[in-house]
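File shown: structure-v9.txt. Contents: compact mmCIF, C-alpha atoms.
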# COMPACT_ATOMS: atom_id res chain seq x y z
CA MET Z 1228 -91.99 29.91 -148.56
CA LYS Z 1229 -93.83 26.75 -149.48
CA ARG Z 1230 -96.66 26.86 -152.01
CA PHE Z 1231 -100.10 25.85 -150.81
CA ALA Z 1232 -102.29 23.46 -152.76
CA ALA Z 1233 -105.35 24.98 -154.32
CA GLY Z 1234 -108.47 25.00 -152.15
CA LEU Z 1235 -107.73 23.55 -149.24
CA GLY Z 1236 -96.77 -13.82 -140.65
CA ALA Z 1237 -99.42 -15.97 -139.55
CA TRP Z 1238 -99.53 -19.50 -141.12
CA LEU Z 1239 -102.72 -20.06 -143.04
CA VAL Z 1240 -104.71 -23.31 -143.24
CA LEU Z 1241 -107.10 -23.51 -146.20
CA LEU Z 1242 -110.30 -25.43 -145.58
CA ALA Z 1243 -112.47 -26.05 -148.65
CA VAL Z 1244 -116.21 -26.26 -148.00
CA PRO Z 1245 -119.23 -26.42 -150.28
CA SER Z 1246 -120.24 -22.96 -151.42
CA GLY Z 1247 -123.80 -23.55 -150.26
CA ALA Z 1248 -123.02 -24.67 -146.72
CA GLN Z 1249 -125.58 -23.00 -144.47
CA ASP Z 1250 -123.43 -22.68 -141.35
CA VAL Z 1251 -120.38 -21.13 -142.97
CA ARG Z 1252 -121.07 -17.50 -142.20
CA ALA Z 1253 -122.60 -18.06 -138.81
CA SER Z 1254 -119.56 -20.07 -137.67
CA ILE Z 1255 -117.22 -17.24 -138.54
CA GLU Z 1256 -118.26 -14.99 -135.67
CA PRO Z 1257 -115.84 -15.46 -132.75
CA PRO Z 1258 -117.43 -17.72 -130.12
CA THR Z 1259 -115.94 -15.79 -127.19
CA ARG Z 1260 -115.78 -12.13 -126.28
CA VAL Z 1261 -112.36 -10.63 -126.99
CA VAL Z 1262 -111.58 -7.48 -125.05
CA ASP Z 1263 -109.93 -4.71 -127.05
CA PRO Z 1264 -110.99 -1.24 -125.90
CA ALA Z 1265 -109.84 0.50 -129.09
CA LEU Z 1266 -111.71 -1.86 -131.44
CA ASP Z 1267 -114.72 -1.81 -129.11
CA GLU Z 1268 -114.80 1.97 -129.44
CA ASP Z 1269 -114.51 1.77 -133.23
CA GLY Z 1270 -117.18 -0.94 -133.32
CA ALA Z 1271 -119.59 1.28 -131.40
CA SER Z 1272 -118.92 4.08 -133.90
CA ILE Z 1273 -119.67 1.97 -136.98
CA ALA Z 1274 -122.43 -0.26 -135.50
CA GLU Z 1275 -125.40 1.78 -136.71
CA ARG Z 1276 -123.97 1.97 -140.22
CA LEU Z 1277 -123.48 -1.83 -140.27
CA GLY Z 1278 -126.97 -2.39 -138.83
CA SER Z 1279 -125.65 -4.38 -135.89
CA ASP Z 1280 -125.08 -3.92 -132.18
CA PRO Z 1281 -121.66 -2.64 -131.04
CA ALA Z 1282 -120.38 -6.05 -129.86
CA VAL Z 1283 -121.07 -7.66 -133.25
CA ALA Z 1284 -119.55 -4.70 -135.08
CA ALA Z 1285 -116.39 -4.92 -132.97
CA ALA Z 1286 -116.20 -8.68 -133.66
CA ARG Z 1287 -116.34 -7.98 -137.39
CA LEU Z 1288 -113.55 -5.42 -137.08
CA ARG Z 1289 -111.41 -8.11 -135.44
CA LEU Z 1290 -112.23 -10.40 -138.38
CA GLN Z 1291 -111.23 -7.59 -140.73
CA GLN Z 1292 -107.81 -7.33 -139.13
CA ALA Z 1293 -107.32 -11.11 -139.10
CA SER Z 1294 -108.28 -11.31 -142.79
CA VAL Z 1295 -105.39 -9.10 -143.99
CA ALA Z 1296 -103.05 -12.12 -143.98
CA VAL Z 1297 -105.74 -14.11 -145.83
CA SER Z 1298 -105.88 -11.46 -148.56
CA ASP Z 1299 -102.09 -11.57 -148.88
CA ALA Z 1300 -102.32 -15.35 -149.39
CA MET Z 1301 -104.99 -14.92 -152.07
CA ARG Z 1302 -102.81 -12.43 -153.97
CA ALA Z 1303 -99.86 -14.85 -153.83
CA ARG Z 1304 -102.04 -17.74 -155.02
CA TYR Z 1305 -103.82 -16.03 -157.91
CA GLY Z 1306 -101.30 -13.33 -158.90
CA ASP Z 1307 -102.27 -11.43 -162.02
CA ARG Z 1308 -105.78 -12.95 -162.03
CA ILE Z 1309 -106.78 -10.75 -159.10
CA ALA Z 1310 -109.19 -8.04 -160.19
CA GLY Z 1311 -110.00 -6.97 -156.65
CA ILE Z 1312 -110.44 -8.11 -153.08
CA ALA Z 1313 -113.28 -6.58 -151.13
CA VAL Z 1314 -114.51 -6.85 -147.57
CA GLU Z 1315 -118.21 -7.29 -146.83
CA HIS Z 1316 -119.48 -6.74 -143.28
CA VAL Z 1317 -123.19 -7.19 -144.05
CA PRO Z 1318 -125.07 -9.46 -143.64
CA ALA Z 1319 -121.99 -11.18 -142.17
CA PHE Z 1320 -118.26 -10.85 -142.60
CA ARG Z 1321 -116.62 -12.32 -145.71
CA LEU Z 1322 -113.99 -11.61 -148.35
CA VAL Z 1323 -115.03 -11.40 -152.01
CA VAL Z 1324 -112.18 -12.16 -154.43
CA ARG Z 1325 -112.87 -11.08 -158.00
CA LEU Z 1326 -110.80 -12.93 -160.66
CA THR Z 1327 -110.21 -12.68 -164.39
CA GLY Z 1328 -110.84 -15.81 -166.45
CA GLU Z 1329 -113.76 -18.22 -166.44
CA GLY Z 1330 -114.50 -21.34 -164.42
CA GLN Z 1331 -116.13 -21.55 -161.04
CA VAL Z 1332 -113.84 -21.41 -157.98
CA THR Z 1333 -115.16 -23.09 -154.85
CA SER Z 1334 -115.77 -20.90 -151.83
CA GLU Z 1335 -113.58 -21.53 -148.80
CA ARG Z 1336 -113.27 -21.00 -145.09
CA VAL Z 1337 -109.74 -19.89 -144.37
CA ALA Z 1338 -108.01 -19.84 -141.01
CA GLY Z 1339 -106.06 -16.66 -140.34
CA GLY Z 1340 -104.57 -16.99 -136.90
CA SER Z 1341 -107.41 -18.05 -134.60
CA GLU Z 1342 -110.15 -16.66 -136.86
CA LEU Z 1343 -112.12 -18.37 -139.65
CA ILE Z 1344 -112.77 -16.22 -142.72
CA ASP Z 1345 -115.37 -16.93 -145.40
CA VAL Z 1346 -113.88 -16.36 -148.88
CA VAL Z 1347 -116.11 -16.18 -151.97
CA TYR Z 1348 -114.70 -16.08 -155.52
CA VAL Z 1349 -116.27 -14.27 -158.46
CA PRO Z 1350 -114.60 -15.13 -161.81
CA GLY Z 1351 -115.12 -13.43 -165.16
CA ALA Z 1352 -113.67 -9.97 -164.49
CA ALA Z 1353 -112.79 -8.05 -167.65
CA ALA Z 1354 -109.55 -6.56 -166.27
CA SER Z 1355 -107.09 -7.36 -163.51
CA HIS Z 1356 -106.28 -4.98 -160.69
CA ALA Z 1357 -102.86 -4.39 -162.23
CA GLN Z 1358 -104.47 -3.49 -165.58
CA LEU Z 1359 -106.84 -1.04 -163.91
CA VAL Z 1360 -104.00 0.76 -162.13
CA ALA Z 1361 -101.90 0.80 -165.30
CA ALA Z 1362 -104.82 2.30 -167.24
CA ILE Z 1363 -105.00 5.24 -164.83
CA ALA Z 1364 -101.25 5.85 -165.05
CA ALA Z 1365 -101.20 5.62 -168.85
CA HIS Z 1366 -104.30 7.69 -169.66
CA GLN Z 1367 -104.69 10.18 -166.80
CA THR Z 1368 -103.17 13.05 -168.75
CA THR Z 1369 -105.35 12.44 -171.82
CA ILE Z 1370 -108.51 12.08 -169.74
CA ARG Z 1371 -107.81 15.31 -167.81
CA ALA Z 1372 -107.22 17.22 -171.03
CA SER Z 1373 -110.50 16.00 -172.54
CA LEU Z 1374 -112.73 17.25 -169.71
CA LEU Z 1375 -113.74 20.66 -168.45
CA VAL Z 1376 -112.89 19.69 -164.86
CA PRO Z 1377 -109.97 17.30 -164.17
CA PRO Z 1378 -111.51 14.15 -162.69
CA GLY Z 1379 -110.54 11.87 -159.84
CA LEU Z 1380 -109.64 8.36 -160.99
CA GLY Z 1381 -109.58 5.24 -158.81
CA VAL Z 1382 -110.10 1.48 -158.66
CA ASP Z 1383 -113.24 -0.08 -157.17
CA GLN Z 1384 -112.10 -3.55 -156.10
CA ARG Z 1385 -115.70 -4.50 -155.31
CA SER Z 1386 -116.70 -4.37 -158.97
CA GLY Z 1387 -113.39 -4.55 -160.84
CA GLU Z 1388 -113.92 -1.16 -162.51
CA LEU Z 1389 -112.06 2.07 -163.03
CA VAL Z 1390 -114.16 4.80 -161.41
CA ALA Z 1391 -113.99 8.30 -162.86
CA VAL Z 1392 -115.25 10.96 -160.44
CA VAL Z 1393 -116.40 13.63 -162.88
CA SER Z 1394 -118.21 16.95 -162.72
CA LEU Z 1395 -121.86 17.43 -163.62
CA ARG Z 1396 -120.73 19.95 -166.24
CA ASP Z 1397 -118.85 17.25 -168.16
CA VAL Z 1398 -121.76 14.82 -167.91
CA ALA Z 1399 -124.19 17.46 -169.17
CA ARG Z 1400 -121.92 18.38 -172.06
CA GLU Z 1401 -121.21 14.85 -173.31
CA GLY Z 1402 -123.88 12.60 -171.82
CA ALA Z 1403 -123.26 10.00 -169.14
CA GLY Z 1404 -123.36 6.95 -171.41
CA GLU Z 1405 -121.26 8.56 -174.09
CA LEU Z 1406 -118.65 9.77 -171.63
CA ARG Z 1407 -118.42 6.39 -169.90
CA ASP Z 1408 -118.08 4.55 -173.21
CA ARG Z 1409 -115.43 6.97 -174.47
CA LEU Z 1410 -113.31 6.53 -171.37
CA ALA Z 1411 -113.73 2.74 -171.49
CA SER Z 1412 -112.65 2.70 -175.14
CA LEU Z 1413 -109.64 4.90 -174.38
CA THR Z 1414 -108.44 2.91 -171.35
CA GLY Z 1415 -109.42 -0.59 -172.48
CA VAL Z 1416 -110.94 -1.41 -169.07
CA PRO Z 1417 -114.44 -1.22 -167.58
CA VAL Z 1418 -115.36 2.30 -166.47
CA ARG Z 1419 -118.04 3.61 -164.11
CA LEU Z 1420 -118.83 7.29 -163.62
CA ARG Z 1421 -119.44 9.00 -160.31
CA THR Z 1422 -120.45 12.63 -160.12
CA VAL Z 1423 -119.84 15.26 -157.48
CA ASP Z 1424 -120.76 18.91 -157.50
CA GLN Z 1425 -117.62 20.47 -156.05
CA PRO Z 1426 -113.97 19.74 -156.84
CA ASP Z 1427 -111.66 17.85 -154.52
CA ARG Z 1428 -109.81 20.10 -152.13
CA ASP Z 1429 -107.25 19.84 -149.38
CA LEU Z 1430 -108.58 20.07 -145.86
CA ALA Z 1431 -106.46 22.75 -144.21
CA ASP Z 1432 -108.61 25.30 -142.41
CA GLU Z 1433 -108.29 29.00 -141.76
CA THR Z 1434 -109.82 30.61 -138.60
CA ASP Z 1435 -109.52 33.64 -136.17
CA THR Z 1436 -98.56 16.20 -123.19
CA VAL Z 1437 -98.10 16.23 -127.24
CA VAL Z 1438 -99.63 13.31 -129.18
CA GLY Z 1439 -101.08 12.70 -132.63
CA GLY Z 1440 -104.58 13.90 -133.40
CA MET Z 1441 -104.06 17.29 -131.75
CA ARG Z 1442 -104.87 20.68 -133.19
CA MET Z 1443 -101.94 22.29 -134.99
CA MET Z 1444 -101.97 26.02 -135.65
CA GLY Z 1445 -99.82 28.24 -137.82
CA GLY Z 1446 -99.63 31.19 -140.15
CA VAL Z 1447 -97.94 32.35 -143.32
CA PRO Z 1448 -95.78 35.51 -143.36
CA GLY Z 1449 -97.80 38.37 -144.80
CA ASP Z 1450 -101.12 36.53 -144.38
CA PRO Z 1451 -103.18 37.65 -141.35
CA ARG Z 1452 -105.22 34.46 -141.32
CA ARG Z 1453 -104.48 31.59 -138.92
CA TYR Z 1454 -104.53 28.08 -140.34
CA ILE Z 1455 -105.59 24.91 -138.51
CA CYS Z 1456 -104.60 21.34 -139.31
CA THR Z 1457 -104.66 18.09 -137.34
CA ALA Z 1458 -101.57 16.25 -136.13
CA GLY Z 1459 -101.20 12.75 -137.54
CA PHE Z 1460 -98.97 10.18 -135.89
CA VAL Z 1461 -95.78 10.58 -133.88
CA VAL Z 1462 -92.85 9.75 -136.18
CA THR Z 1463 -89.08 9.38 -135.94
CA ASP Z 1464 -86.08 9.27 -138.24
CA GLY Z 1465 -84.27 7.08 -135.72
CA THR Z 1466 -82.94 10.04 -133.77
CA ARG Z 1467 -85.47 12.84 -133.68
CA PRO Z 1468 -89.06 12.73 -132.40
CA ALA Z 1469 -91.63 14.62 -134.45
CA LEU Z 1470 -95.28 14.96 -135.40
CA SER Z 1471 -96.59 14.35 -138.90
CA THR Z 1472 -99.30 16.37 -140.60
CA ALA Z 1473 -100.21 17.44 -144.15
CA ALA Z 1474 -97.69 19.19 -146.42
CA HIS Z 1475 -100.20 21.88 -147.39
CA CYS Z 1476 -100.32 23.12 -143.79
CA PRO Z 1477 -98.15 26.08 -142.72
CA ASP Z 1478 -94.44 25.37 -142.24
CA THR Z 1479 -94.15 26.63 -138.67
CA LEU Z 1480 -96.73 25.09 -136.37
CA LYS Z 1481 -97.55 25.03 -132.68
CA ILE Z 1482 -99.85 23.05 -130.46
CA ARG Z 1483 -101.70 23.81 -127.25
CA ASP Z 1484 -101.91 21.03 -124.66
CA ALA Z 1485 -104.73 20.31 -122.20
CA ALA Z 1486 -103.19 22.67 -119.65
CA GLY Z 1487 -103.16 25.52 -122.15
CA ARG Z 1488 -99.39 25.50 -122.69
CA VAL Z 1489 -98.30 26.39 -126.22
CA GLU Z 1490 -95.38 24.49 -127.75
CA GLU Z 1491 -93.60 25.46 -130.96
CA LEU Z 1492 -92.92 22.64 -133.43
CA PRO Z 1493 -90.04 23.64 -135.74
CA TYR Z 1494 -90.34 22.74 -139.41
CA ALA Z 1495 -88.18 19.77 -140.54
CA GLY Z 1496 -89.45 19.22 -144.08
CA GLN Z 1497 -92.43 18.63 -146.34
CA TRP Z 1498 -93.19 16.34 -149.25
CA GLY Z 1499 -96.24 17.35 -151.28
CA TRP Z 1500 -95.83 15.96 -154.80
CA GLY Z 1501 -97.43 13.05 -156.66
CA ASN Z 1502 -97.90 10.41 -154.00
CA HIS Z 1503 -97.08 12.51 -150.92
CA ASP Z 1504 -98.82 15.02 -148.70
CA VAL Z 1505 -96.87 14.97 -145.47
CA GLN Z 1506 -94.98 17.45 -143.33
CA ILE Z 1507 -92.72 16.74 -140.36
CA ASN Z 1508 -92.48 19.14 -137.42
CA LEU Z 1509 -89.94 18.45 -134.68
CA SER Z 1510 -90.44 18.23 -130.94
CA ALA Z 1511 -87.92 19.47 -128.40
CA ARG Z 1512 -88.69 16.50 -126.15
CA PRO Z 1513 -89.34 12.75 -126.53
CA LEU Z 1514 -92.87 11.88 -127.63
CA PRO Z 1515 -94.93 8.78 -126.84
CA PRO Z 1516 -96.36 6.76 -129.78
CA ARG Z 1517 -99.90 7.85 -128.98
CA PHE Z 1518 -102.77 9.69 -130.64
CA PHE Z 1519 -106.17 11.09 -129.74
CA ALA Z 1520 -108.99 9.11 -131.34
CA ASP Z 1521 -112.16 10.88 -130.21
CA ARG Z 1522 -113.56 14.37 -130.63
CA ALA Z 1523 -113.25 15.24 -126.93
CA ARG Z 1524 -109.59 14.15 -126.78
CA GLN Z 1525 -110.33 11.77 -123.93
CA SER Z 1526 -109.52 8.52 -125.76
CA VAL Z 1527 -105.74 8.17 -126.14
CA ARG Z 1528 -104.44 5.15 -128.05
CA THR Z 1529 -100.92 3.75 -128.41
CA VAL Z 1530 -99.90 2.76 -131.95
CA THR Z 1531 -99.06 -0.95 -132.04
CA ALA Z 1532 -98.89 -1.65 -135.78
CA VAL Z 1533 -98.80 -0.06 -139.25
CA GLN Z 1534 -100.80 -1.38 -142.21
CA PRO Z 1535 -99.36 -0.74 -145.70
CA GLY Z 1536 -101.61 0.60 -148.42
CA ALA Z 1537 -101.31 -2.53 -150.57
CA ALA Z 1538 -103.10 -4.50 -147.85
CA THR Z 1539 -106.14 -2.20 -147.85
CA ARG Z 1540 -109.30 -3.48 -149.53
CA ALA Z 1541 -112.57 -1.95 -150.60
CA GLY Z 1542 -115.03 -2.33 -147.74
CA ASP Z 1543 -112.41 -2.19 -145.01
CA ILE Z 1544 -113.57 -0.04 -142.10
CA VAL Z 1545 -111.16 2.70 -141.08
CA CYS Z 1546 -111.55 5.61 -138.70
CA HIS Z 1547 -110.15 9.12 -138.62
CA ARG Z 1548 -109.94 12.05 -136.25
CA GLY Z 1549 -109.97 15.63 -137.45
CA GLU Z 1550 -110.16 18.99 -135.73
CA ARG Z 1551 -113.21 19.99 -137.76
CA THR Z 1552 -115.30 16.82 -137.78
CA GLY Z 1553 -114.01 14.88 -134.77
CA TYR Z 1554 -114.03 11.07 -134.78
CA SER Z 1555 -115.82 8.76 -137.22
CA CYS Z 1556 -115.50 5.36 -138.90
CA ALA Z 1557 -116.56 4.46 -142.45
CA PRO Z 1558 -115.79 1.96 -145.25
CA VAL Z 1559 -113.04 2.31 -147.84
CA GLU Z 1560 -114.47 2.86 -151.31
CA LEU Z 1561 -111.70 3.28 -153.89
CA THR Z 1562 -108.06 2.21 -153.81
CA ASP Z 1563 -105.31 3.39 -156.19
CA PHE Z 1564 -107.08 6.74 -156.38
CA ALA Z 1565 -105.73 9.82 -158.16
CA PRO Z 1566 -107.53 12.90 -156.74
CA ALA Z 1567 -109.00 15.44 -159.12
CA GLY Z 1568 -107.36 18.75 -159.95
CA ASP Z 1569 -103.77 19.70 -159.23
CA LEU Z 1570 -103.59 18.94 -155.51
CA CYS Z 1571 -100.16 17.26 -155.69
CA GLY Z 1572 -98.09 20.05 -157.23
CA GLY Z 1573 -99.84 19.00 -160.46
CA ALA Z 1574 -101.70 15.77 -161.13
CA CYS Z 1575 -101.72 13.25 -158.27
CA LEU Z 1576 -100.52 9.69 -158.74
CA PRO Z 1577 -102.99 6.78 -158.24
CA THR Z 1578 -101.71 5.92 -154.75
CA TRP Z 1579 -104.43 7.41 -152.53
CA THR Z 1580 -107.41 5.76 -150.81
CA THR Z 1581 -110.97 7.12 -150.53
CA VAL Z 1582 -113.31 6.65 -147.58
CA ALA Z 1583 -117.05 7.24 -147.62
CA GLY Z 1584 -118.47 10.37 -146.00
CA PRO Z 1585 -120.26 12.05 -144.41
CA ALA Z 1586 -117.56 13.14 -141.93
CA CYS Z 1587 -114.82 15.30 -143.42
CA GLY Z 1588 -114.11 19.00 -143.44
CA SER Z 1589 -111.49 21.69 -143.65
CA GLY Z 1590 -109.19 21.50 -140.64
CA ASP Z 1591 -109.02 17.67 -140.78
CA SER Z 1592 -105.90 17.73 -142.97
CA GLY Z 1593 -103.02 15.64 -141.69
CA GLY Z 1594 -105.17 13.81 -139.15
CA PRO Z 1595 -104.67 10.12 -138.32
CA VAL Z 1596 -106.48 7.35 -140.21
CA PHE Z 1597 -106.55 4.17 -138.13
CA LEU Z 1598 -108.41 1.12 -136.93
CA GLY Z 1599 -108.02 0.20 -133.30
CA THR Z 1600 -104.34 0.83 -132.62
CA THR Z 1601 -103.15 0.22 -136.19
CA ALA Z 1602 -102.03 3.25 -138.20
CA HIS Z 1603 -103.32 3.41 -141.78
CA GLY Z 1604 -102.63 6.91 -143.09
CA LEU Z 1605 -102.93 10.68 -142.99
CA VAL Z 1606 -105.96 12.63 -144.24
CA LYS Z 1607 -105.28 14.79 -147.30
CA GLY Z 1608 -108.53 16.09 -148.77
CA GLY Z 1609 -112.16 15.57 -149.56
CA SER Z 1610 -114.83 15.89 -152.21
CA TYR Z 1611 -118.13 17.64 -151.50
CA ARG Z 1612 -121.70 17.74 -152.74
CA ALA Z 1613 -123.57 20.91 -153.64
CA ASP Z 1614 -125.03 21.16 -150.13
CA GLY Z 1615 -121.52 21.10 -148.65
CA SER Z 1616 -121.77 17.59 -147.25
CA CYS Z 1617 -118.78 15.26 -147.54
CA ALA Z 1618 -119.06 12.74 -150.39
CA PHE Z 1619 -115.76 11.10 -149.46
CA TYR Z 1620 -112.33 11.93 -148.09
CA PHE Z 1621 -108.99 10.53 -149.21
CA TYR Z 1622 -105.77 9.77 -147.40
CA MET Z 1623 -102.08 9.03 -147.94
CA SER Z 1624 -101.12 5.53 -146.86
CA ILE Z 1625 -98.72 5.68 -143.93
CA ASP Z 1626 -96.13 3.58 -145.78
CA GLN Z 1627 -95.71 6.55 -148.12
CA LEU Z 1628 -93.78 8.41 -145.40
CA PRO Z 1629 -90.47 9.57 -146.90
CA SER Z 1630 -87.42 7.65 -145.71
CA PRO Z 1631 -85.99 7.63 -143.06
CA TRP Z 1632 -89.17 8.77 -141.29
CA ARG Z 1633 -91.48 6.08 -139.89
CA VAL Z 1634 -94.35 5.87 -137.42
CA LEU Z 1635 -93.30 5.37 -133.82
CA THR Z 1636 -94.97 2.29 -132.29
CA ALA Z 1637 -95.23 0.78 -128.82
CA SER Z 1638 -92.25 -1.48 -129.50
CA ASP Z 1639 -90.11 1.66 -129.98
CA ALA Z 1640 -91.23 3.36 -126.80
CA ALA Z 1641 -88.33 2.30 -124.54
CA PRO Z 1642 -85.80 3.67 -124.18
CA PRO Z 1643 -87.19 7.14 -124.96
CA LEU Z 1644 -85.68 9.05 -127.83
CA THR Z 1645 -83.26 11.83 -127.02
CA PRO Z 1646 -83.74 15.02 -129.02
CA PRO Z 1647 -80.62 16.51 -130.61
CA ALA Z 1648 -78.63 19.11 -128.68
CA ASP Z 1649 -79.16 22.79 -129.41
CA PRO Z 1650 -76.84 24.11 -132.14
CA VAL Z 1651 -73.65 25.85 -131.03
CA PRO Z 1652 -73.67 29.54 -131.99
CA VAL Z 1653 -71.07 30.51 -134.57
CA GLY Z 1654 -69.17 33.83 -134.43
Now that the file is in, can you turn its structure into structure tokens?
Amino acid sequence: MKRFAAGLGAWLVLLAVPSGAQDVRASIEPPTRVVDPALDEDGASIAERLGSDPAVAAARLRLQQASVAVSDAMRARYGDRIAGIAVEHVPAFRLVVRLTGEGQVTSERVAGGSELIDVVYVPGAAASHAQLVAAIAAHQTTIRASLLVPPGLGVDQRSGELVAVVSLRDVAREGAGELRDRLASLTGVPVRLRTVDQPDRDLADETDTVVGGMRMMGGVPGDPRRYICTAGFVVTDGTRPALSTAAHCPDTLKIRDAAGRVEELPYAGQWGWGNHDVQINLSARPLPPRFFADRARQSVRTVTAVQPGAATRAGDIVCHRGERTGYSCAPVELTDFAPAGDLCGGACLPTWTTVAGPACGSGDSGGPVFLGTTAHGLVKGGSYRADGSCAFYFYMSIDQLPSPWRVLTASDAAPPLTPPADPVPVG
């Protein structure tokens, strides 16, 4: 029986403009209304948080998607000088590229596809993004051993810092300034502390047509409790259709469709170490590349694209659906994050991504992280304040799926997959 984790190619044209040009930001907003029901829905969800009306919020989400290719071009141009690339939605959409080295770099408007993106450069960073990630990998063990509670460690690309998510007990024992300075001296990179009152934990829950985002239920032999997780995306190994969820969920799972029919989903495998938290459960019939996005399971979206983790930036808006907390959208905070504790069969690798609360809770594990119809990842766990509210949740990037499994997309939908034949009895 499996062990459970503790607790729960577009071409780019570069257009240089004076950094003080007044009309730069205003001209970025698309002049015409683009209809995209999925992004419109996500825009309405995040509008209040961005302080804008839903139409403007949706327009900025379209700019966010168009700017991924722009970020890739910036990384290719500046290489090891990149300390971080962050997305800002307020007061208007722009990319902020933080660089090591001195010397002013002129702001630009960059064409990505049909969109114009404002790009602002901030030189003078003390460490590159690569150095920040390397510092986590090299010193994680030492840092964990020096603290009462193993911390979460991640990269804030908005500030070019290593962020240590530490317990109040460790801050009280050592002092915030002293602890920050000690970790900065040890790692050789800028460090910022963030405190939470409860440790990170996985988000499996215990409680008395098939698509992603559904409730998945299961139990463990000898344990009377019933566990609830959330289905992620429909996946395939090229032959078999399956649903993905979190590895710390029960092996044998079942789902109940809108008509009340219960379907068993046989266990195919799980990967729950280091950079993985994913389980695959098979379906006896072909599955469409769709997932529920909303709490009421009325909004069904078809996956059209997959975004790799390396393309994700601080400030990107992503959404998730979980059985406990429903549907919500929020900004990415930390990339290259190593969750606290031993949630990955030991220490986690710095490959995870954190998203701001307040919506996360037990039962959300394995659920889809997305924007519009683009798949981003699968929810793993969360970190909570003393009052039980969600400080942030973190997810596994979808490109961490173990080979040969991959997310099924609309381009794979025809012809439908044929499930393997039943085994022939022996003897």
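Between atom CA of Z:Ala1583 and atom CA of Z:Val1360 the separation is 20.6 Å.
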**Message:** Report, in Å to a single decimal, how far apart atom CA of Z:Ala1274 and atom CA of Z:His1603 are.
**Reply:** 20.4 Å
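Minimum atom-to-atom distance to Z:Ala1362, evaluated using only C-alpha atoms, belongs to Z:Ala1565 out of Z:Val1596, Z:Val1527, Z:Ala1565, Z:Val1398.
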**Message:** Can you measure atom CA of Z:Trp1498 to atom CA of Z:Ala1474 for me? One decimal in Å is fine.
**Reply:** 6.0 Å
**Nearest-residue call for Z:Leu1598, choices Z:Ala1532, Z:Leu1389, Z:Ile1482, Z:Cys1476, using all atoms listed in the file** =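 For Z:Leu1598, the nearest of the candidates is Z:Ala1532.
Using only C-alpha atoms, the smallest distance between any of Z:Gly1604, Z:Gly1465, Z:Pro1515, Z:Gly1590 and Z:Met1444 comes from Z:Gly1590.
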Taking all atoms listed in the file into account, produce a table as JSON lines in which each residue of stretch 1543-1583 of chain Z with an atom at most 12 Å from an atom of stretch 1310-1316 of chain Z appears once, together with its shortest atom pair and the distance in Å to one decimal, ordered by chain and rising number.
{"residue": "Z:Asp1543", "atom": "CA", "partner": "Z:Val1314", "partner_atom": "CA", "distance": 5.7}
{"residue": "Z:Ile1544", "atom": "CA", "partner": "Z:Val1314", "partner_atom": "CA", "distance": 8.8}
{"residue": "Z:Ala1557", "atom": "CA", "partner": "Z:His1316", "partner_atom": "CA", "distance": 11.6}
{"residue": "Z:Pro1558", "atom": "CA", "partner": "Z:Val1314", "partner_atom": "CA", "distance": 9.2}
{"residue": "Z:Val1559", "atom": "CA", "partner": "Z:Val1314", "partner_atom": "CA", "distance": 9.3}
{"residue": "Z:Glu1560", "atom": "CA", "partner": "Z:Ala1313", "partner_atom": "CA", "distance": 9.5}
{"residue": "Z:Leu1561", "atom": "CA", "partner": "Z:Ala1313", "partner_atom": "CA", "distance": 10.4}
{"residue": "Z:Thr1562", "atom": "CA", "partner": "Z:Gly1311", "partner_atom": "CA", "distance": 9.8}
{"residue": "Z:Asp1563", "atom": "CA", "partner": "Z:Gly1311", "partner_atom": "CA", "distance": 11.4}
**Message:** Excluding Z:Ala1574 and its own-chain neighbours fewer than 6 positions away, which residues fall within 10 Å of it when counting only C-alpha atoms? Please give them as a ChimeraX atom specification.
**Reply:** /Z:1367-1368,1371,1377,1379,1500-1502,1565-1568
**7 Å contact set for stretch 1318-1327 of chain Z, all atoms listed in the file, chain neighbours under 3 positions out, as a ChimeraX atom specification** = /Z:1252,1287,1308-1315,1344-1355
**Asked** Pick the closest to Z:Ala1495 from Z:Ala1520, Z:Ala1469, Z:Ala1637, Z:Ala1372: which is it, counting only C-alpha atoms?
**Response** Z:Ala1469
**Request:** Tell me which of Z:Leu1605, Z:Val1461, Z:Val1416, Z:Ala1618 sits closest to Z:Ala1361, counting all atoms listed in the file.
**Result:** Z:Val1416
